[in-house]
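Trainee: Can you keep this structure in mind? I'll have questions shortly.
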Amino acid sequence: MAVMLEHPMTIDVPGSPRFQELCRTLMRMDVPDGYRAEIIGGNIVMSPWSQGYYLPIMRSIRTQLEPYAPQGHTVDYAPYLFTFPTAERAYGPDVFAAEGSAFRTRKRHIDGEALSFVAELTSASTRDSDWDDKTPVYGKSGVPVYLLLDMQESAATLFWNPSAQGYGSRLTVPFGEKLHVPAPFDCELDTADFEAHEPEG
(Lines give C-alpha, C1' and ligand atoms only; values in the text may rest on other atoms or scores of the structure.)
Protein backbone atom coordinates (compact mmCIF):
# COMPACT_ATOMS: atom_id res chain seq x y z
CA MET A 1 0.00 0.00 0.00
CA ALA A 2 1.40 3.42 -0.91
CA VAL A 3 1.75 5.84 1.99
CA MET A 4 0.64 9.46 1.72
CA LEU A 5 2.92 12.02 3.31
CA GLU A 6 1.41 14.10 6.07
CA HIS A 7 0.27 17.63 5.12
CA PRO A 8 0.94 20.51 5.27
CA MET A 9 4.65 20.16 4.52
CA THR A 10 7.41 22.69 3.99
CA ILE A 11 10.40 21.96 1.76
CA ASP A 12 13.61 23.54 2.97
CA VAL A 13 15.78 23.11 -0.11
CA PRO A 14 17.94 25.69 -1.88
CA GLY A 15 17.66 26.38 -5.58
CA SER A 16 15.39 28.14 -8.01
CA PRO A 17 11.66 28.57 -7.34
CA ARG A 18 11.03 26.03 -10.11
CA PHE A 19 13.26 23.43 -8.44
CA GLN A 20 11.70 24.09 -5.05
CA GLU A 21 8.25 23.57 -6.54
CA LEU A 22 9.38 20.31 -8.17
CA CYS A 23 10.66 19.14 -4.78
CA ARG A 24 7.38 20.08 -3.10
CA THR A 25 5.41 18.21 -5.74
CA LEU A 26 7.66 15.15 -5.52
CA MET A 27 7.47 14.98 -1.74
CA ARG A 28 3.67 15.15 -1.83
CA MET A 29 3.25 12.48 -4.48
CA ASP A 30 1.54 9.23 -3.69
CA VAL A 31 4.20 7.03 -5.29
CA PRO A 32 2.97 3.48 -6.08
CA ASP A 33 4.53 0.56 -4.24
CA GLY A 34 7.71 -0.62 -5.91
CA TYR A 35 8.50 2.75 -7.51
CA ARG A 36 10.73 5.67 -6.67
CA ALA A 37 10.38 9.26 -7.81
CA GLU A 38 13.36 11.38 -8.82
CA ILE A 39 13.87 14.73 -10.52
CA ILE A 40 15.67 14.02 -13.79
CA GLY A 41 16.12 16.44 -16.67
CA GLY A 42 13.79 18.98 -15.10
CA ASN A 43 10.93 16.48 -14.71
CA ILE A 44 9.64 14.17 -12.01
CA VAL A 45 10.31 10.63 -13.19
CA MET A 46 9.01 7.45 -11.59
CA SER A 47 10.90 4.20 -12.12
CA PRO A 48 10.79 0.77 -10.48
CA TRP A 49 13.02 0.14 -7.48
CA SER A 50 15.78 -2.39 -8.04
CA GLN A 51 14.63 -5.95 -8.55
CA GLY A 52 15.24 -8.49 -5.81
CA TYR A 53 18.23 -10.17 -7.40
CA TYR A 54 20.13 -6.84 -7.39
CA LEU A 55 20.25 -6.84 -3.58
CA PRO A 56 23.30 -9.17 -3.23
CA ILE A 57 25.20 -6.89 -5.62
CA MET A 58 24.34 -3.77 -3.63
CA ARG A 59 25.25 -5.53 -0.37
CA SER A 60 28.56 -6.61 -1.88
CA ILE A 61 29.41 -3.04 -2.83
CA ARG A 62 28.59 -1.81 0.66
CA THR A 63 30.52 -4.61 2.37
CA GLN A 64 33.60 -4.08 0.20
CA LEU A 65 33.67 -0.28 0.53
CA GLU A 66 32.71 0.18 4.19
CA PRO A 67 36.20 -0.53 5.62
CA TYR A 68 37.69 2.11 3.32
CA ALA A 69 35.06 4.85 3.59
CA PRO A 70 36.21 8.30 4.70
CA GLN A 71 35.95 8.82 8.43
CA GLY A 72 32.40 9.63 9.46
CA HIS A 73 30.87 8.48 6.17
CA THR A 74 28.04 5.97 5.92
CA VAL A 75 27.82 3.40 3.11
CA ASP A 76 24.31 2.15 2.49
CA TYR A 77 21.66 1.25 -0.06
CA ALA A 78 18.65 2.62 1.83
CA PRO A 79 16.27 4.75 -0.25
CA TYR A 80 17.30 8.37 0.25
CA LEU A 81 16.81 11.32 -2.07
CA PHE A 82 19.88 13.50 -2.65
CA THR A 83 19.37 16.98 -4.08
CA PHE A 84 21.54 18.92 -6.53
CA PRO A 85 19.90 22.38 -6.64
CA THR A 86 22.31 23.96 -9.13
CA ALA A 87 21.53 21.21 -11.64
CA GLU A 88 17.86 21.08 -10.57
CA ARG A 89 18.10 17.35 -9.96
CA ALA A 90 17.18 14.98 -7.10
CA TYR A 91 18.38 11.38 -7.28
CA GLY A 92 17.89 8.24 -5.21
CA PRO A 93 21.08 6.25 -5.93
CA ASP A 94 21.11 2.48 -5.54
CA VAL A 95 24.19 2.60 -3.28
CA PHE A 96 25.85 5.62 -1.73
CA ALA A 97 28.48 6.80 0.72
CA ALA A 98 27.87 10.11 2.45
CA GLU A 99 28.78 12.09 5.54
CA GLY A 100 26.89 10.65 8.47
CA SER A 101 26.18 14.12 9.83
CA ALA A 102 24.03 14.88 6.76
CA PHE A 103 21.40 12.45 8.09
CA ARG A 104 20.93 14.27 11.39
CA THR A 105 17.89 16.03 10.00
CA ARG A 106 14.13 15.75 9.75
CA LYS A 107 14.28 16.77 6.09
CA ARG A 108 13.07 14.28 3.51
CA HIS A 109 16.03 14.96 1.26
CA ILE A 110 19.81 15.00 1.76
CA ASP A 111 22.26 17.52 0.34
CA GLY A 112 24.14 15.96 -2.58
CA GLU A 113 27.33 17.67 -1.39
CA ALA A 114 27.51 15.09 1.40
CA LEU A 115 28.18 12.27 -1.08
CA SER A 116 31.61 10.67 -1.49
CA PHE A 117 30.42 7.78 -3.68
CA VAL A 118 27.37 6.71 -5.67
CA ALA A 119 26.54 3.54 -7.57
CA GLU A 120 23.71 2.99 -10.00
CA LEU A 121 22.60 -0.40 -11.35
CA THR A 122 20.93 0.09 -14.69
CA SER A 123 17.63 -1.40 -15.76
CA ALA A 124 15.87 -1.16 -19.09
CA SER A 125 13.90 1.82 -17.79
CA THR A 126 16.75 3.70 -16.09
CA ARG A 127 19.77 2.96 -18.29
CA ASP A 128 19.63 6.14 -20.38
CA SER A 129 19.20 8.36 -17.31
CA ASP A 130 22.02 6.63 -15.42
CA TRP A 131 24.39 7.23 -18.34
CA ASP A 132 23.24 10.49 -19.86
CA ASP A 133 21.71 12.51 -17.02
CA LYS A 134 23.28 11.30 -13.80
CA THR A 135 26.87 10.92 -15.01
CA PRO A 136 27.41 14.61 -15.86
CA VAL A 137 25.45 15.84 -12.85
CA TYR A 138 27.37 13.70 -10.36
CA GLY A 139 30.66 14.80 -11.95
CA LYS A 140 29.88 18.52 -12.14
CA SER A 141 28.49 18.41 -8.58
CA GLY A 142 31.80 17.08 -7.24
CA VAL A 143 30.84 13.53 -6.23
CA PRO A 144 34.34 11.96 -6.01
CA VAL A 145 33.47 8.50 -7.39
CA TYR A 146 30.58 7.22 -9.51
CA LEU A 147 30.22 3.50 -10.21
CA LEU A 148 27.83 2.67 -13.04
CA LEU A 149 26.94 -1.01 -13.28
CA ASP A 150 25.49 -1.58 -16.73
CA MET A 151 23.42 -4.68 -16.06
CA GLN A 152 22.44 -4.99 -19.71
CA GLU A 153 26.09 -5.06 -20.84
CA SER A 154 27.51 -6.90 -17.76
CA ALA A 155 30.14 -4.18 -17.35
CA ALA A 156 31.24 -1.81 -14.60
CA THR A 157 32.33 1.74 -15.40
CA LEU A 158 34.06 3.83 -12.77
CA PHE A 159 34.17 7.63 -13.04
CA TRP A 160 36.43 9.87 -10.95
CA ASN A 161 38.29 13.23 -10.98
CA PRO A 162 35.14 15.40 -10.90
CA SER A 163 35.28 18.99 -12.14
CA ALA A 164 33.01 21.75 -13.42
CA GLN A 165 33.14 19.99 -16.80
CA GLY A 166 32.25 16.56 -15.40
CA TYR A 167 34.40 13.53 -14.69
CA GLY A 168 37.93 13.62 -16.07
CA SER A 169 38.67 9.90 -15.74
CA ARG A 170 36.79 6.68 -16.44
CA LEU A 171 37.50 2.96 -16.69
CA THR A 172 35.25 0.14 -17.87
CA VAL A 173 35.77 -3.55 -17.10
CA PRO A 174 33.54 -6.58 -17.68
CA PHE A 175 31.94 -8.18 -14.64
CA GLY A 176 34.40 -10.62 -13.14
CA GLU A 177 37.39 -8.26 -13.04
CA LYS A 178 38.58 -6.08 -10.21
CA LEU A 179 38.35 -2.28 -10.20
CA HIS A 180 40.56 0.05 -8.23
CA VAL A 181 38.32 2.59 -6.50
CA PRO A 182 40.38 5.78 -6.15
CA ALA A 183 40.46 8.32 -3.32
CA PRO A 184 38.83 8.84 -0.97
CA PHE A 185 38.48 5.02 -0.81
CA ASP A 186 41.66 3.71 -2.46
CA CYS A 187 40.65 0.05 -2.51
CA GLU A 188 39.95 -2.85 -4.84
CA LEU A 189 36.37 -3.71 -5.76
CA ASP A 190 35.76 -7.29 -6.86
CA THR A 191 32.98 -7.53 -9.46
CA ALA A 192 33.02 -11.34 -9.68
CA ASP A 193 29.50 -11.70 -8.28
CA PHE A 194 27.90 -8.74 -10.08
CA GLU A 195 26.38 -10.73 -12.92
CA ALA A 196 22.61 -10.50 -12.45
CA HIS A 197 20.68 -13.61 -13.34
CA GLU A 198 16.99 -13.46 -14.02
CA PRO A 199 15.08 -15.44 -11.41
CA GLU A 200 13.48 -18.62 -12.61
CA GLY A 201 9.75 -18.99 -12.84
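Residue numbering restarts at 1 in every chain; chains get A, B, ... in the order shown in the C-alpha coordinates, and ligands count up from 1 in that same order.
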Got a sec: who's within 12 Å of A:Gly139, counting only C-alpha atoms, leaving out chain neighbours fewer than 5 positions off, as a list in words?
Mentor: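 My list of contacting residues is Phe84, Ala87, Gly112, Glu113, Leu115, Ser116, Phe117, Val118, Trp131, Asp132, Asp133, Lys134, Pro144, Val145, Tyr146, Leu147, Leu158, Phe159, Trp160, Asn161, Pro162, Ser163, Ala164, Gln165, Gly166, Tyr167, Gly168, Ser169 and Arg170 of chain A.
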Trainee: Residues as selected, N, CA and C atoms, written as a short mmCIF file (atom, residue, chain, number, x, y, z; two decimals), in the first residue's frame, can you do that?
Mentor:
data_model
loop_
_atom_site.label_atom_id
_atom_site.label_comp_id
_atom_site.auth_asym_id
_atom_site.auth_seq_id
_atom_site.Cartn_x
_atom_site.Cartn_y
_atom_site.Cartn_z
N PHE A 84 20.49 18.16 -5.85
CA PHE A 84 21.54 18.92 -6.53
C PHE A 84 20.88 20.18 -7.09
N ALA A 87 21.90 21.97 -10.44
CA ALA A 87 21.53 21.21 -11.64
C ALA A 87 20.03 20.94 -11.71
N GLY A 112 23.24 16.75 -1.75
CA GLY A 112 24.14 15.96 -2.58
C GLY A 112 25.60 16.22 -2.30
N GLU A 113 25.93 17.36 -1.71
CA GLU A 113 27.33 17.67 -1.39
C GLU A 113 27.90 16.72 -0.35
N LEU A 115 27.81 13.53 -0.46
CA LEU A 115 28.18 12.27 -1.08
C LEU A 115 29.68 12.16 -1.36
N SER A 116 30.23 10.99 -1.09
CA SER A 116 31.61 10.67 -1.49
C SER A 116 31.63 9.57 -2.54
N PHE A 117 30.50 8.89 -2.74
CA PHE A 117 30.42 7.78 -3.68
C PHE A 117 28.96 7.51 -4.02
N VAL A 118 28.70 7.20 -5.28
CA VAL A 118 27.37 6.71 -5.67
C VAL A 118 27.55 5.55 -6.62
N TRP A 131 23.25 6.84 -17.51
CA TRP A 131 24.39 7.23 -18.34
C TRP A 131 24.38 8.71 -18.69
N ASP A 132 23.26 9.18 -19.22
CA ASP A 132 23.24 10.49 -19.86
C ASP A 132 22.89 11.66 -18.96
N ASP A 133 22.10 11.42 -17.91
CA ASP A 133 21.71 12.51 -17.02
C ASP A 133 22.53 12.50 -15.74
N LYS A 134 22.64 11.34 -15.10
CA LYS A 134 23.28 11.30 -13.80
C LYS A 134 24.81 11.43 -13.89
N PRO A 144 33.00 12.47 -5.68
CA PRO A 144 34.34 11.96 -6.01
C PRO A 144 34.36 10.72 -6.90
N VAL A 145 33.44 9.77 -6.65
CA VAL A 145 33.47 8.50 -7.39
C VAL A 145 32.05 8.09 -7.76
N TYR A 146 31.87 7.72 -9.02
CA TYR A 146 30.58 7.22 -9.51
C TYR A 146 30.82 5.87 -10.17
N LEU A 147 30.14 4.84 -9.65
CA LEU A 147 30.22 3.50 -10.21
C LEU A 147 28.92 3.21 -10.93
N LEU A 158 33.74 2.99 -13.91
CA LEU A 158 34.06 3.83 -12.77
C LEU A 158 34.46 5.21 -13.29
N PHE A 159 33.86 6.25 -12.70
CA PHE A 159 34.17 7.63 -13.04
C PHE A 159 34.79 8.30 -11.83
N TRP A 160 35.82 9.12 -12.04
CA TRP A 160 36.43 9.87 -10.95
C TRP A 160 37.08 11.14 -11.51
N ASN A 161 37.74 11.91 -10.64
CA ASN A 161 38.29 13.23 -10.98
C ASN A 161 37.18 14.17 -11.44
N PRO A 162 36.23 14.49 -10.54
CA PRO A 162 35.14 15.40 -10.90
C PRO A 162 35.63 16.83 -11.07
N SER A 163 34.96 17.58 -11.93
CA SER A 163 35.28 18.99 -12.14
C SER A 163 34.03 19.69 -12.65
N ALA A 164 34.15 20.98 -12.90
CA ALA A 164 33.01 21.75 -13.42
C ALA A 164 32.59 21.26 -14.79
N GLN A 165 33.46 20.54 -15.48
CA GLN A 165 33.14 19.99 -16.80
C GLN A 165 32.64 18.55 -16.73
N GLY A 166 32.64 17.96 -15.55
CA GLY A 166 32.25 16.56 -15.40
C GLY A 166 33.44 15.72 -14.97
N TYR A 167 33.31 14.42 -15.11
CA TYR A 167 34.40 13.53 -14.69
C TYR A 167 35.53 13.56 -15.72
N GLY A 168 36.76 13.59 -15.19
CA GLY A 168 37.93 13.62 -16.07
C GLY A 168 38.50 12.25 -16.35
N SER A 169 38.11 11.24 -15.57
CA SER A 169 38.67 9.90 -15.74
C SER A 169 37.56 8.86 -15.68
N ARG A 170 37.74 7.79 -16.47
CA ARG A 170 36.79 6.68 -16.44
C ARG A 170 37.49 5.40 -16.86
#
Trainee: Name all residues at most 8 Å from A:Pro174 (count only C-alpha atoms; drop same-chain ones fewer than 5 positions away) and give them as a list in words.
Mentor: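 Listed by chain and then number, they are Ser154, Ala155 and Ala156 of chain A.
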Trainee: Report, in Å to a single decimal, how far apart atom CA of A:Ala97 and atom CA of A:Glu177 are.
Mentor: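 The value is 22.3 Å.
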Trainee: Could you check how far atom CA of A:Asp30 sits from atom CA of A:Met46, in Å to one decimal?
Mentor: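 Interatomic distance, atom CA of A:Asp30 to atom CA of A:Met46: 11.0 Å.
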Trainee: Among the residues of stretch 7-82 of chain A, find those DSSP assigns to alpha helix (DSSP H) from the backbone and print them as JSON, numbers by chain.
Mentor: {"A": [17, 18, 19, 20, 21, 22, 23, 24, 25, 26, 27, 28, 55, 56, 57, 58, 59, 60, 61, 62, 63, 64, 65]}
Trainee: I want to know what sits within 10 Å of A:Thr122, based on only C-alpha atoms, with residues of the same chain fewer than 6 positions away left out; could you give that as a JSON list (two decimals) with N, CA and C atoms, in the first residue's frame?
Mentor:
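Saved the output as result25.json:
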[["chain", "number", "residue", "atom", "x", "y", "z"],
["A", 50, "SER", "N", 14.98, -1.26, -7.58],
["A", 50, "SER", "CA", 15.78, -2.39, -8.04],
["A", 50, "SER", "C", 15.06, -3.71, -7.78],
["A", 94, "ASP", "N", 21.27, 3.84, -6.04],
["A", 94, "ASP", "CA", 21.11, 2.48, -5.54],
["A", 94, "ASP", "C", 22.01, 2.20, -4.35],
["A", 128, "ASP", "N", 19.28, 4.87, -19.72],
["A", 128, "ASP", "CA", 19.63, 6.14, -20.38],
["A", 128, "ASP", "C", 19.86, 7.25, -19.37],
["A", 129, "SER", "N", 19.03, 7.32, -18.34],
["A", 129, "SER", "CA", 19.20, 8.36, -17.31],
["A", 129, "SER", "C", 20.48, 8.17, -16.53],
["A", 130, "ASP", "N", 20.80, 6.91, -16.19],
["A", 130, "ASP", "CA", 22.02, 6.63, -15.42],
["A", 130, "ASP", "C", 23.25, 7.07, -16.20],
["A", 131, "TRP", "N", 23.25, 6.84, -17.51],
["A", 131, "TRP", "CA", 24.39, 7.23, -18.34],
["A", 131, "TRP", "C", 24.38, 8.71, -18.69],
["A", 148, "LEU", "N", 29.01, 2.96, -12.24],
["A", 148, "LEU", "CA", 27.83, 2.67, -13.04],
["A", 148, "LEU", "C", 27.90, 1.20, -13.46],
["A", 149, "LEU", "N", 27.00, 0.40, -12.92],
["A", 149, "LEU", "CA", 26.94, -1.01, -13.28],
["A", 149, "LEU", "C", 25.90, -1.17, -14.37],
["A", 150, "ASP", "N", 26.38, -1.40, -15.58],
["A", 150, "ASP", "CA", 25.49, -1.58, -16.73],
["A", 150, "ASP", "C", 25.06, -3.05, -16.76],
["A", 151, "MET", "N", 23.88, -3.31, -16.21],
["A", 151, "MET", "CA", 23.42, -4.68, -16.06],
["A", 151, "MET", "C", 23.06, -5.31, -17.40],
["A", 152, "GLN", "N", 22.76, -4.47, -18.39],
["A", 152, "GLN", "CA", 22.44, -4.99, -19.71],
["A", 152, "GLN", "C", 23.70, -5.40, -20.47],
["A", 153, "GLU", "N", 24.83, -4.76, -20.16],
["A", 153, "GLU", "CA", 26.09, -5.06, -20.84],
["A", 153, "GLU", "C", 27.04, -5.88, -19.97]]
Trainee: What does the distance from atom CA of A:Leu81 to atom CA of A:Asp111 come to in Å, to one decimal?
Mentor: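 For atom CA of A:Leu81 relative to atom CA of A:Asp111, the distance reads 8.6 Å.
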Trainee: Using only C-alpha atoms, which residue out of A:Leu121, A:Ile40, A:Cys187, A:Pro79 lies closest to A:Pro56?
Mentor: A:Leu121
Trainee: Looking only at strand (DSSP E) from DSSP on the backbone, list the matching residues of chain A as a PyMOL selection string.
Mentor: chain A and resi 35-40+43-48+73-76+82-84+89-91+95-99+110-111+115-121+145-150+155-163+166-174+178-181+187-190
Trainee: Calculated over only C-alpha atoms, which of the candidates A:Ala119, A:Ile57, A:Val95, A:Leu65 has the smallest distance to A:Leu189?
Mentor: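 Among A:Ala119, A:Ile57, A:Val95, A:Leu65, it is A:Leu65 that comes nearest to A:Leu189.
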Trainee: Neighbours of A:Glu38 within 6 Å (only C-alpha atoms; same-chain residues fewer than 5 positions away dropped), as a short mmCIF file (atom, residue, chain, number, x, y, z; two decimals) with N, CA and C atoms, in the first residue's frame?
Mentor:
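The resulting file, part.cif, is reproduced below:
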data_model
loop_
_atom_site.label_atom_id
_atom_site.label_comp_id
_atom_site.auth_asym_id
_atom_site.auth_seq_id
_atom_site.Cartn_x
_atom_site.Cartn_y
_atom_site.Cartn_z
N ILE A 44 9.77 15.23 -13.00
CA ILE A 44 9.64 14.17 -12.01
C ILE A 44 9.44 12.86 -12.76
N VAL A 45 10.32 11.91 -12.48
CA VAL A 45 10.31 10.63 -13.19
C VAL A 45 10.14 9.50 -12.17
N ALA A 90 17.29 15.69 -8.39
CA ALA A 90 17.18 14.98 -7.10
C ALA A 90 17.17 13.50 -7.41
N TYR A 91 18.20 12.79 -6.94
CA TYR A 91 18.38 11.38 -7.28
C TYR A 91 18.31 10.50 -6.04
#
Trainee: I want to know what sits within 10 Å of A:Asp186, based on only C-alpha atoms, with residues of the same chain fewer than 5 positions away left out; could you give that as JSON, numbers by chain?
Mentor: {"A": [65, 68, 69, 180, 181]}
Trainee: Check the smallest atom-to-atom distance from each of A:Ala114, A:Val137, A:Leu171, A:Leu55 to A:Asp193 using only C-alpha atoms, then report the winner.
Mentor: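 Using only C-alpha atoms, the shortest distance to A:Asp193 belongs to A:Leu55.
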